[in-house]
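*Asks:* Okay, so here is final_3.txt, and as you'll see once you scroll down, it has compact mmCIF, C-alpha atoms and all ligand atoms.
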```txt
# COMPACT_ATOMS: atom_id res chain seq x y z
CA MET A 502 -41.29 -27.42 -79.18
CA PRO A 503 -42.10 -26.57 -75.52
CA GLN A 504 -38.92 -28.20 -74.24
CA LEU A 505 -36.79 -25.89 -76.40
CA ASP A 506 -38.69 -22.86 -75.12
CA GLU A 507 -37.90 -23.87 -71.54
CA ILE A 508 -34.24 -24.51 -72.30
CA VAL A 509 -33.83 -21.12 -74.02
CA THR A 510 -35.47 -19.35 -71.07
CA GLU A 511 -33.31 -21.27 -68.59
CA ILE A 512 -30.12 -20.42 -70.46
CA ALA A 513 -31.02 -16.71 -70.57
CA GLN A 514 -31.61 -16.81 -66.80
CA GLU A 515 -28.36 -18.66 -66.14
CA MET A 516 -26.34 -16.22 -68.25
CA ALA A 517 -27.78 -13.24 -66.38
CA CYS A 518 -26.16 -14.59 -63.18
CA TYR A 519 -22.59 -14.94 -64.51
CA SER A 520 -20.09 -12.49 -63.06
CA ASP A 521 -17.17 -13.38 -65.36
CA ARG A 522 -18.43 -11.87 -68.61
CA GLY A 523 -15.15 -11.23 -70.52
CA GLU A 524 -13.98 -7.88 -71.87
CA VAL A 525 -15.91 -5.70 -74.32
CA ALA A 526 -13.88 -4.92 -77.48
CA SER A 527 -12.12 -1.62 -76.92
CA TYR A 528 -10.15 -1.14 -80.15
CA ILE A 529 -13.32 0.09 -81.89
CA PRO A 530 -14.28 3.01 -79.60
CA GLU A 531 -17.98 2.82 -80.35
CA LEU A 532 -18.10 -0.85 -79.26
CA ALA A 533 -16.32 -0.09 -75.97
CA ARG A 534 -19.46 1.73 -74.80
CA ILE A 535 -21.70 -1.36 -74.87
CA ASP A 536 -22.88 -2.71 -71.52
CA PRO A 537 -21.39 -6.20 -70.92
CA LYS A 538 -24.53 -7.20 -68.99
CA HIS A 539 -26.51 -7.83 -72.16
CA PHE A 540 -27.32 -11.37 -73.17
CA GLY A 541 -29.58 -12.43 -76.02
CA ILE A 542 -30.44 -15.71 -77.71
CA ALA A 543 -32.66 -16.74 -80.63
CA VAL A 544 -33.22 -20.28 -81.88
CA ILE A 545 -35.25 -20.98 -85.01
CA ASP A 546 -36.30 -24.61 -85.15
CA ALA A 547 -37.18 -26.92 -88.04
CA GLU A 548 -40.85 -25.91 -87.83
CA GLY A 549 -39.87 -22.26 -88.28
CA ASN A 550 -40.70 -21.28 -84.69
CA ALA A 551 -38.51 -18.63 -83.08
CA HIS A 552 -37.51 -19.19 -79.44
CA ILE A 553 -36.20 -15.93 -78.00
CA GLY A 554 -34.50 -15.28 -74.65
CA GLY A 555 -33.05 -12.22 -72.85
CA ASP A 556 -32.12 -9.39 -75.23
CA GLY A 557 -32.76 -11.54 -78.31
CA ASP A 558 -34.61 -8.69 -80.02
CA MET A 559 -32.02 -5.99 -79.31
CA ALA A 560 -29.81 -4.94 -82.26
CA PHE A 561 -26.02 -5.14 -81.89
CA SER A 562 -23.02 -4.78 -84.19
CA ILE A 563 -22.66 -8.05 -86.11
CA GLN A 564 -19.02 -7.30 -87.03
CA SER A 565 -17.31 -10.44 -88.39
CA ILE A 566 -20.53 -12.44 -88.58
CA SER A 567 -21.12 -10.41 -91.76
CA LYS A 568 -18.20 -12.35 -93.28
CA VAL A 569 -20.41 -15.45 -93.62
CA PHE A 570 -22.78 -13.49 -95.83
CA THR A 571 -20.11 -11.71 -97.88
CA LEU A 572 -18.48 -15.10 -98.48
CA THR A 573 -21.85 -16.43 -99.71
CA LEU A 574 -22.27 -13.45 -102.06
CA ALA A 575 -18.70 -13.67 -103.36
CA LEU A 576 -19.06 -17.40 -104.07
CA GLY A 577 -22.25 -16.58 -105.96
CA LYS A 578 -20.35 -14.06 -108.01
CA ALA A 579 -17.03 -15.84 -108.62
CA GLY A 580 -17.67 -19.51 -107.76
CA ASP A 581 -14.48 -21.49 -107.24
CA ARG A 582 -12.40 -18.64 -108.71
CA LEU A 583 -12.68 -17.12 -105.24
CA TRP A 584 -10.25 -19.74 -103.91
CA ARG A 585 -7.46 -18.29 -106.05
CA ARG A 586 -7.33 -15.24 -103.81
CA VAL A 587 -8.17 -16.70 -100.43
CA GLY A 588 -7.46 -20.08 -98.81
CA ARG A 589 -9.68 -22.23 -96.62
CA GLU A 590 -7.37 -23.44 -93.86
CA PRO A 591 -7.46 -22.37 -90.22
CA SER A 592 -4.83 -19.72 -89.52
CA GLY A 593 -3.95 -20.59 -85.94
CA SER A 594 -3.45 -16.88 -85.33
CA ALA A 595 -5.48 -13.84 -84.32
CA PHE A 596 -8.28 -12.45 -86.49
CA ASN A 597 -6.23 -9.37 -87.36
CA SER A 598 -2.82 -11.03 -87.72
CA ILE A 599 -0.47 -10.11 -90.55
CA VAL A 600 2.25 -12.72 -89.97
CA LEU A 601 1.16 -15.39 -92.48
CA LEU A 602 0.57 -12.93 -95.31
CA GLU A 603 4.25 -12.42 -96.07
CA ASN A 604 5.07 -16.13 -96.39
CA GLU A 605 1.92 -16.81 -98.37
CA LYS A 606 2.40 -13.96 -100.87
CA GLY A 607 -0.55 -11.90 -99.76
CA ILE A 608 -3.09 -14.75 -100.04
CA PRO A 609 -5.01 -14.88 -96.74
CA ARG A 610 -5.48 -18.24 -95.06
CA ASN A 611 -9.29 -18.15 -95.02
CA PRO A 612 -12.26 -15.83 -95.66
CA PHE A 613 -13.00 -15.23 -91.97
CA ILE A 614 -9.78 -13.67 -90.72
CA ASN A 615 -9.77 -9.94 -91.45
CA ALA A 616 -7.33 -10.18 -94.38
CA GLY A 617 -9.47 -12.88 -96.02
CA ALA A 618 -12.69 -10.98 -95.49
CA ILE A 619 -11.14 -7.83 -96.96
CA ALA A 620 -10.11 -9.85 -100.06
CA VAL A 621 -13.68 -11.23 -100.30
CA THR A 622 -15.13 -7.71 -100.00
CA ASP A 623 -12.80 -6.53 -102.75
CA LEU A 624 -14.20 -9.22 -105.05
CA ILE A 625 -17.80 -8.16 -104.33
CA LEU A 626 -16.82 -4.55 -105.01
CA SER A 627 -15.26 -5.19 -108.43
CA GLY A 628 -17.39 -3.70 -111.21
CA HIS A 629 -19.40 -1.59 -108.76
CA GLN A 630 -19.23 1.64 -106.82
CA PRO A 631 -18.75 1.14 -103.05
CA ARG A 632 -22.31 2.35 -102.43
CA GLU A 633 -23.71 -0.27 -104.82
CA ALA A 634 -21.66 -3.10 -103.29
CA LEU A 635 -22.81 -2.12 -99.83
CA GLY A 636 -26.40 -1.89 -101.05
CA GLU A 637 -26.12 -5.43 -102.41
CA ILE A 638 -24.82 -6.76 -99.07
CA LEU A 639 -27.52 -4.97 -97.07
CA HIS A 640 -30.22 -6.10 -99.48
CA PHE A 641 -29.03 -9.71 -99.10
CA MET A 642 -29.21 -9.48 -95.29
CA ARG A 643 -32.70 -7.99 -95.38
CA PHE A 644 -33.86 -10.62 -97.85
CA LEU A 645 -32.46 -13.52 -95.80
CA ALA A 646 -33.83 -12.22 -92.52
CA ASP A 647 -37.10 -11.20 -94.19
CA ASP A 648 -36.78 -7.83 -92.50
CA PRO A 649 -36.37 -4.56 -94.44
CA SER A 650 -35.58 -2.60 -91.28
CA ILE A 651 -31.99 -3.94 -90.99
CA ALA A 652 -29.50 -1.06 -91.28
CA ILE A 653 -25.88 -0.05 -90.88
CA ASP A 654 -24.84 1.69 -87.66
CA GLU A 655 -22.99 4.64 -89.16
CA ALA A 656 -21.42 5.62 -85.83
CA VAL A 657 -19.76 2.19 -85.56
CA ALA A 658 -18.58 2.32 -89.19
CA ALA A 659 -17.11 5.81 -88.70
CA SER A 660 -15.50 4.74 -85.43
CA GLU A 661 -13.73 1.85 -87.13
CA GLN A 662 -12.82 3.90 -90.17
CA ARG A 663 -11.01 6.36 -87.87
CA THR A 664 -9.11 3.70 -85.95
CA GLY A 665 -8.76 0.75 -88.36
CA PHE A 666 -5.03 1.16 -88.93
CA ARG A 667 -4.35 -2.51 -88.71
CA ASN A 668 -6.97 -3.39 -91.31
CA ALA A 669 -5.49 -0.66 -93.51
CA ALA A 670 -2.09 -2.31 -93.10
CA LEU A 671 -3.50 -5.71 -94.07
CA ALA A 672 -5.25 -4.25 -97.13
CA ASN A 673 -2.20 -2.30 -98.30
CA TYR A 674 -0.01 -5.34 -97.81
CA MET A 675 -2.34 -7.50 -99.92
CA LYS A 676 -2.58 -4.75 -102.51
CA SER A 677 1.22 -4.82 -102.86
CA PHE A 678 0.92 -8.48 -103.94
CA GLY A 679 -1.84 -7.67 -106.43
CA VAL A 680 -4.47 -9.56 -104.39
CA LEU A 681 -6.89 -6.57 -104.27
CA ASP A 682 -8.29 -5.12 -107.49
CA ASN A 683 -9.89 -1.93 -106.17
CA PRO A 684 -8.49 1.15 -104.43
CA VAL A 685 -7.69 0.17 -100.84
CA ASP A 686 -9.86 2.99 -99.43
CA TYR A 687 -12.90 1.78 -101.34
CA THR A 688 -12.51 -1.84 -100.27
CA LEU A 689 -11.94 -0.89 -96.63
CA GLY A 690 -14.91 1.48 -96.68
CA VAL A 691 -17.23 -1.34 -97.78
CA TYR A 692 -15.61 -3.75 -95.28
CA PHE A 693 -16.02 -1.40 -92.30
CA HIS A 694 -19.63 -0.71 -93.24
CA HIS A 695 -20.70 -4.33 -93.63
CA CYS A 696 -19.08 -5.11 -90.27
CA ALA A 697 -21.18 -2.27 -88.81
CA ILE A 698 -24.54 -3.79 -89.81
CA ALA A 699 -26.74 -3.89 -86.70
CA MET A 700 -29.00 -6.90 -86.18
CA SER A 701 -30.74 -8.69 -83.35
CA CYS A 702 -30.28 -12.37 -82.53
CA ARG A 703 -33.71 -13.04 -84.03
CA GLN A 704 -32.76 -11.35 -87.31
CA LEU A 705 -29.40 -13.15 -87.46
CA ALA A 706 -30.90 -16.56 -86.76
CA MET A 707 -33.45 -15.88 -89.51
CA ALA A 708 -30.65 -14.91 -91.92
CA GLY A 709 -28.70 -18.09 -91.11
CA ARG A 710 -31.54 -20.49 -91.90
CA PHE A 711 -30.30 -21.37 -95.38
CA LEU A 712 -27.12 -22.81 -93.83
CA ALA A 713 -29.11 -25.11 -91.54
CA TRP A 714 -31.51 -26.28 -94.27
CA GLN A 715 -29.27 -27.27 -97.18
CA GLY A 716 -29.29 -23.93 -98.91
CA LEU A 717 -33.07 -23.41 -98.75
CA ASN A 718 -35.12 -20.77 -97.03
CA PRO A 719 -37.38 -23.23 -95.19
CA SER A 720 -40.39 -20.92 -94.94
CA THR A 721 -40.60 -20.03 -98.63
CA GLY A 722 -38.82 -23.03 -100.16
CA HIS A 723 -36.73 -20.45 -102.03
CA ARG A 724 -33.21 -21.67 -102.83
CA VAL A 725 -30.48 -19.31 -101.60
CA VAL A 726 -27.50 -21.50 -102.57
CA GLN A 727 -26.99 -25.10 -103.65
CA ALA A 728 -26.88 -27.65 -100.81
CA GLU A 729 -23.24 -28.35 -101.53
CA ARG A 730 -22.35 -24.68 -101.09
CA ALA A 731 -24.20 -24.44 -97.77
CA ARG A 732 -22.35 -27.53 -96.58
CA ARG A 733 -19.01 -26.04 -97.56
CA ILE A 734 -19.68 -22.68 -95.92
CA ASN A 735 -20.61 -24.58 -92.75
CA SER A 736 -17.33 -26.48 -92.91
CA ILE A 737 -15.34 -23.24 -93.07
CA MET A 738 -17.37 -21.87 -90.15
CA LEU A 739 -16.46 -24.96 -88.15
CA THR A 740 -12.73 -24.83 -88.89
CA CYS A 741 -12.15 -21.05 -89.09
CA GLY A 742 -15.21 -19.26 -87.64
CA HIS A 743 -13.63 -18.57 -84.25
CA TYR A 744 -10.05 -17.85 -85.37
CA ASP A 745 -7.57 -19.39 -82.95
CA GLY A 746 -10.51 -20.46 -80.75
CA SER A 747 -12.08 -22.62 -83.47
CA GLY A 748 -10.78 -25.88 -82.00
CA GLU A 749 -12.11 -25.02 -78.56
CA PHE A 750 -15.49 -23.99 -80.01
CA ALA A 751 -15.77 -27.29 -81.93
CA TYR A 752 -14.74 -29.21 -78.81
CA ARG A 753 -17.24 -27.51 -76.52
CA VAL A 754 -20.15 -26.60 -78.80
CA GLY A 755 -19.74 -28.91 -81.79
CA LEU A 756 -21.48 -26.71 -84.37
CA PRO A 757 -20.33 -24.55 -87.28
CA GLY A 758 -20.28 -21.02 -85.86
CA LYS A 759 -19.10 -17.52 -86.68
CA SER A 760 -18.26 -14.95 -84.04
CA GLY A 761 -17.92 -11.17 -84.19
CA VAL A 762 -16.19 -8.72 -81.85
CA GLY A 763 -19.59 -7.16 -81.14
CA GLY A 764 -20.15 -10.32 -79.05
CA GLY A 765 -22.48 -12.14 -81.42
CA ILE A 766 -22.22 -15.74 -82.62
CA LEU A 767 -24.23 -17.33 -85.41
CA ALA A 768 -24.32 -21.12 -85.08
CA VAL A 769 -25.83 -23.76 -87.35
CA ALA A 770 -27.30 -27.10 -86.25
CA PRO A 771 -27.86 -28.71 -89.66
CA GLY A 772 -31.46 -29.84 -90.13
CA LYS A 773 -32.31 -28.78 -86.58
CA ALA A 774 -31.88 -25.08 -85.92
CA SER A 775 -30.37 -21.74 -86.79
CA ILE A 776 -29.11 -20.08 -83.63
CA ALA A 777 -27.78 -16.64 -82.69
CA VAL A 778 -26.45 -15.51 -79.32
CA TRP A 779 -25.13 -12.17 -78.13
CA ALA A 780 -23.06 -11.29 -75.07
CA PRO A 781 -20.66 -8.36 -75.61
CA GLY A 782 -17.78 -9.52 -73.35
CA LEU A 783 -15.04 -11.34 -75.27
CA ASP A 784 -12.42 -13.97 -74.43
CA ALA A 785 -8.72 -13.70 -75.30
CA ASN A 786 -9.36 -14.77 -78.90
CA GLY A 787 -11.98 -12.06 -79.44
CA ASN A 788 -14.95 -14.45 -79.30
CA SER A 789 -18.01 -13.94 -77.08
CA HIS A 790 -17.23 -15.50 -73.71
CA LEU A 791 -20.79 -16.08 -72.51
CA GLY A 792 -22.04 -16.68 -76.03
CA ARG A 793 -19.88 -19.79 -76.23
CA ILE A 794 -20.94 -20.96 -72.78
CA ALA A 795 -24.62 -20.49 -73.71
CA LEU A 796 -24.21 -22.43 -76.96
CA GLU A 797 -22.41 -25.21 -75.14
CA ALA A 798 -25.35 -25.46 -72.70
CA LEU A 799 -27.86 -25.46 -75.57
CA THR A 800 -26.17 -28.12 -77.69
CA ARG A 801 -25.55 -30.34 -74.69
CA ARG A 802 -29.18 -30.16 -73.52
CA MET A 803 -30.61 -30.60 -77.03
CA GLY A 804 -28.05 -33.21 -78.18
CA TRP A 805 -27.30 -31.04 -81.22
CA SER A 806 -23.51 -31.33 -81.56
CA ILE A 807 -22.67 -32.55 -85.08
CA PHE A 808 -20.24 -34.97 -83.42
CA GLY A 809 -22.92 -36.93 -81.58
CA ALA A 810 -25.15 -36.56 -78.55
N1 LIG B 1 -13.52 -10.32 -85.31
C1 LIG B 1 -14.18 -9.29 -85.74
O1 LIG B 1 -15.39 -9.17 -85.55
C2 LIG B 1 -13.38 -8.21 -86.39
C3 LIG B 1 -14.19 -7.27 -87.25
C4 LIG B 1 -13.78 -5.85 -87.13
N2 LIG B 1 -14.59 -5.04 -87.99
C5 LIG B 1 -12.32 -5.69 -87.50
O2 LIG B 1 -12.02 -5.61 -88.64
O3 LIG B 1 -11.46 -5.65 -86.68
```
Please rewrite the model in this file as structure tokens.
*Replies:*
Amino acid sequence: MPQLDEIVTEIAQEMACYSDRGEVASYIPELARIDPKHFGIAVIDAEGNAHIGGDGDMAFSIQSISKVFTLTLALGKAGDRLWRRVGREPSGSAFNSIVLLENEKGIPRNPFINAGAIAVTDLILSGHQPREALGEILHFMRFLADDPSIAIDEAVAASEQRTGFRNAALANYMKSFGVLDNPVDYTLGVYFHHCAIAMSCRQLAMAGRFLAWQGLNPSTGHRVVQAERARRINSIMLTCGHYDGSGEFAYRVGLPGKSGVGGGILAVAPGKASIAVWAPGLDANGNSHLGRIALEALTRRMGWSIFGA
């Protein structure tokens, strides 16, 4: 698709010129060192072609984007039982907020806020050692992206482990309601490490293909999940994937998407493309500032919003 190639190149050039790039996450010290000038984009189209722009092959910390893949694994393990320990409604509050947990008896609003993702990680961990659970998550990412080189950035994991007091508070609070089965330290250790997986936009867009093609890996025809499950994961990405910025993201971009504080966003144009962007500067909700602007430009030019051209 030559037109798509041109659009991706144009967007990468446009993003390089922006001066307002948002603020790099500083609460994880290792992420604070990343240069906000980076911008990467990867679009994998229906023919399986990868269109790459800017730093689209540079690895970054995927952070909360990993929550899409842990949710997929946990649903594979527990099916609808998962929804007994986590909800699927937007929270209307920050990704690391604790306020709703008291009223809702330790049941997090959705699997993408930190509390929800910690509860999902705890479910994956049950019956395993932390090392095995982490191995399963990493193996799944490598399999989906068809790339065995994907690895965890240990410096990022250690950095968050040292400073993740708020996540520890969320986990202990849920534990007090009996929502977590495993020792809090074990669950948090696996959570911090899967957030610290490093991937490029190309690798992330590859890994997201099953969500754009009804649960199938389009290049092998291999089924990752049932079509219904892919559709449902997409719906949660649309309503909850950007925390308290999910409404704005739907309004401007019009695709299911999941952000991470490393500045990445995975977005899904069903039947059309799997897309990843990366720009480390964040907006007030902790979502990539330029990443959202780039996705808005892409969906507008391609007519890809799920709400119409
Ligand atoms: N929004 C995010 O990417 C947050 C993930 C990060 N690891 C945290 O727990 O704070």
*Asks:* Rounded to one decimal in Å, what is the spacing between atom CA of A:Val691 and atom CA of A:Ser660?
*Replies:*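 For atom CA of A:Val691 relative to atom CA of A:Ser660, the distance reads 13.9 Å.
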*Asks:* Determine the nearest neighbour of ligand LIG 1 (chain B) from the options A:Lys676, A:His790, A:His695, A:Arg753, counting only C-alpha atoms and all ligand atoms.
*Replies:*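 With only C-alpha atoms and all ligand atoms as the atom set, the closest residue is A:His695.
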*Asks:* Step by step, measure atom-to-atom distances between ligand LIG 1 (chain B) and each residue using all atoms listed in the file, keep those at most 8 Å, then write them as a list in words.
*Replies:* Ile529, Ile563, Gln564, Ser565, Ile566, Phe596, Asn597, Ile614, Asn615, Glu661, Gly665, Asn668, Tyr692, Phe693, Cys696, Ala697, Ser760, Gly761, Val762, Gly763, Gly787 and Asn788 of chain A
*Asks:* What is the atom CA of A:Gln630-atom CA of A:His694 distance in Å, reported with one decimal?
*Replies:*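 Pair atom CA of A:Gln630 / atom CA of A:His694 returns 13.8 Å.
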*Asks:* With distances taken over only C-alpha atoms, which residue among A:Leu601, A:Ile625, A:Ile512, A:Leu681 lies nearest A:Leu572?
*Replies:* A:Ile625
*Asks:* Please determine, counting all atoms listed in the file, which residue among A:Ala560, A:Ile737, A:Ala670, A:Leu639 has the shortest atom-to-atom distance to A:Arg610.
*Replies:*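 Under the stated criterion, the closest residue is A:Ile737.
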*Asks:* Using Å and a single decimal, report how far atom CA of A:Asn683 sits from atom CA of A:Val725.
*Replies:*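 It comes out at 27.3 Å.
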*Asks:* Would you mind telling me which residue in A:Asn786, A:Asn673, A:Ser520, A:Thr740 lies nearest to A:Gly607 when using only C-alpha atoms?
*Replies:* A:Asn673
*Asks:* Go through A:Met516, A:Ile599, A:Ile807, A:Ala547 and flag the residue nearest A:Trp714, using all atoms listed in the file for the distances.
*Replies:*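 Closest to A:Trp714 of all the choices is A:Ala547.
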*Asks:* Pick the closest to A:Asp745 from A:Ala785, A:Ala543, A:Leu671, A:Leu705: which is it, counting all atoms listed in the file?
*Replies:*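 Nearest to A:Asp745: A:Ala785.
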*Asks:* For a quick check of your reading of the model, name the residues lying within 6 Å of the coordinate (-4.5, -13.4, -100.8), counting only C-alpha atoms, and write them as an NGL selection string.
*Replies:* :A and (586-587 or 607-609 or 680)
*Asks:* Kindly save the residues from that selection, with C-alpha atoms included, as a PDB file, in the frame of the given file.
*Replies:*
```pdb
ATOM      1  CA  ARG A 586      -7.330 -15.240-103.810  1.00  0.00           C
ATOM      2  CA  VAL A 587      -8.170 -16.700-100.430  1.00  0.00           C
ATOM      3  CA  GLY A 607      -0.550 -11.900 -99.760  1.00  0.00           C
ATOM      4  CA  ILE A 608      -3.090 -14.750-100.040  1.00  0.00           C
ATOM      5  CA  PRO A 609      -5.010 -14.880 -96.740  1.00  0.00           C
ATOM      6  CA  VAL A 680      -4.470  -9.560-104.390  1.00  0.00           C
TER       7      VAL A 680
END
```
*Asks:* Excluding A:Glu511 and any residue of its chain fewer than 4 positions from it, enumerate the residues within 12 Å of it, using only C-alpha atoms, and give them as a list in words.
*Replies:*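 Residues near the query, excluding close chain neighbours: Gln504, Leu505, Asp506, Glu507, Glu515, Met516, Ala517, Cys518, Ile542, His552, Ile553, Gly554, Gly555, Ala795, Ala798, Leu799 and Arg802 of chain A.
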*Asks:* Find the residues near A:Val769: any atom within 7 Å, counting all atoms listed in the file, skip ones fewer than 3 places away on the same chain, and give them as a list in words.
*Replies:*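 Counting only the stated atoms, we get Leu712, Ala713, Leu756, Pro757, Gly758, Ala774, Ser775 and Ile776 of chain A.
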*Asks:* Tell me which protein, DNA and RNA residues are within 12 Å of A:Thr573, counting all atoms listed in the file, leaving out same-chain ones fewer than 2 positions away, and put them as a PyMOL selection string.
*Replies:* chain A and resi 566-571+575-581+583+612-613+618+621-622+624-625+638+641-642+645+708-709+711-712+716+725-727+730-735+737-738
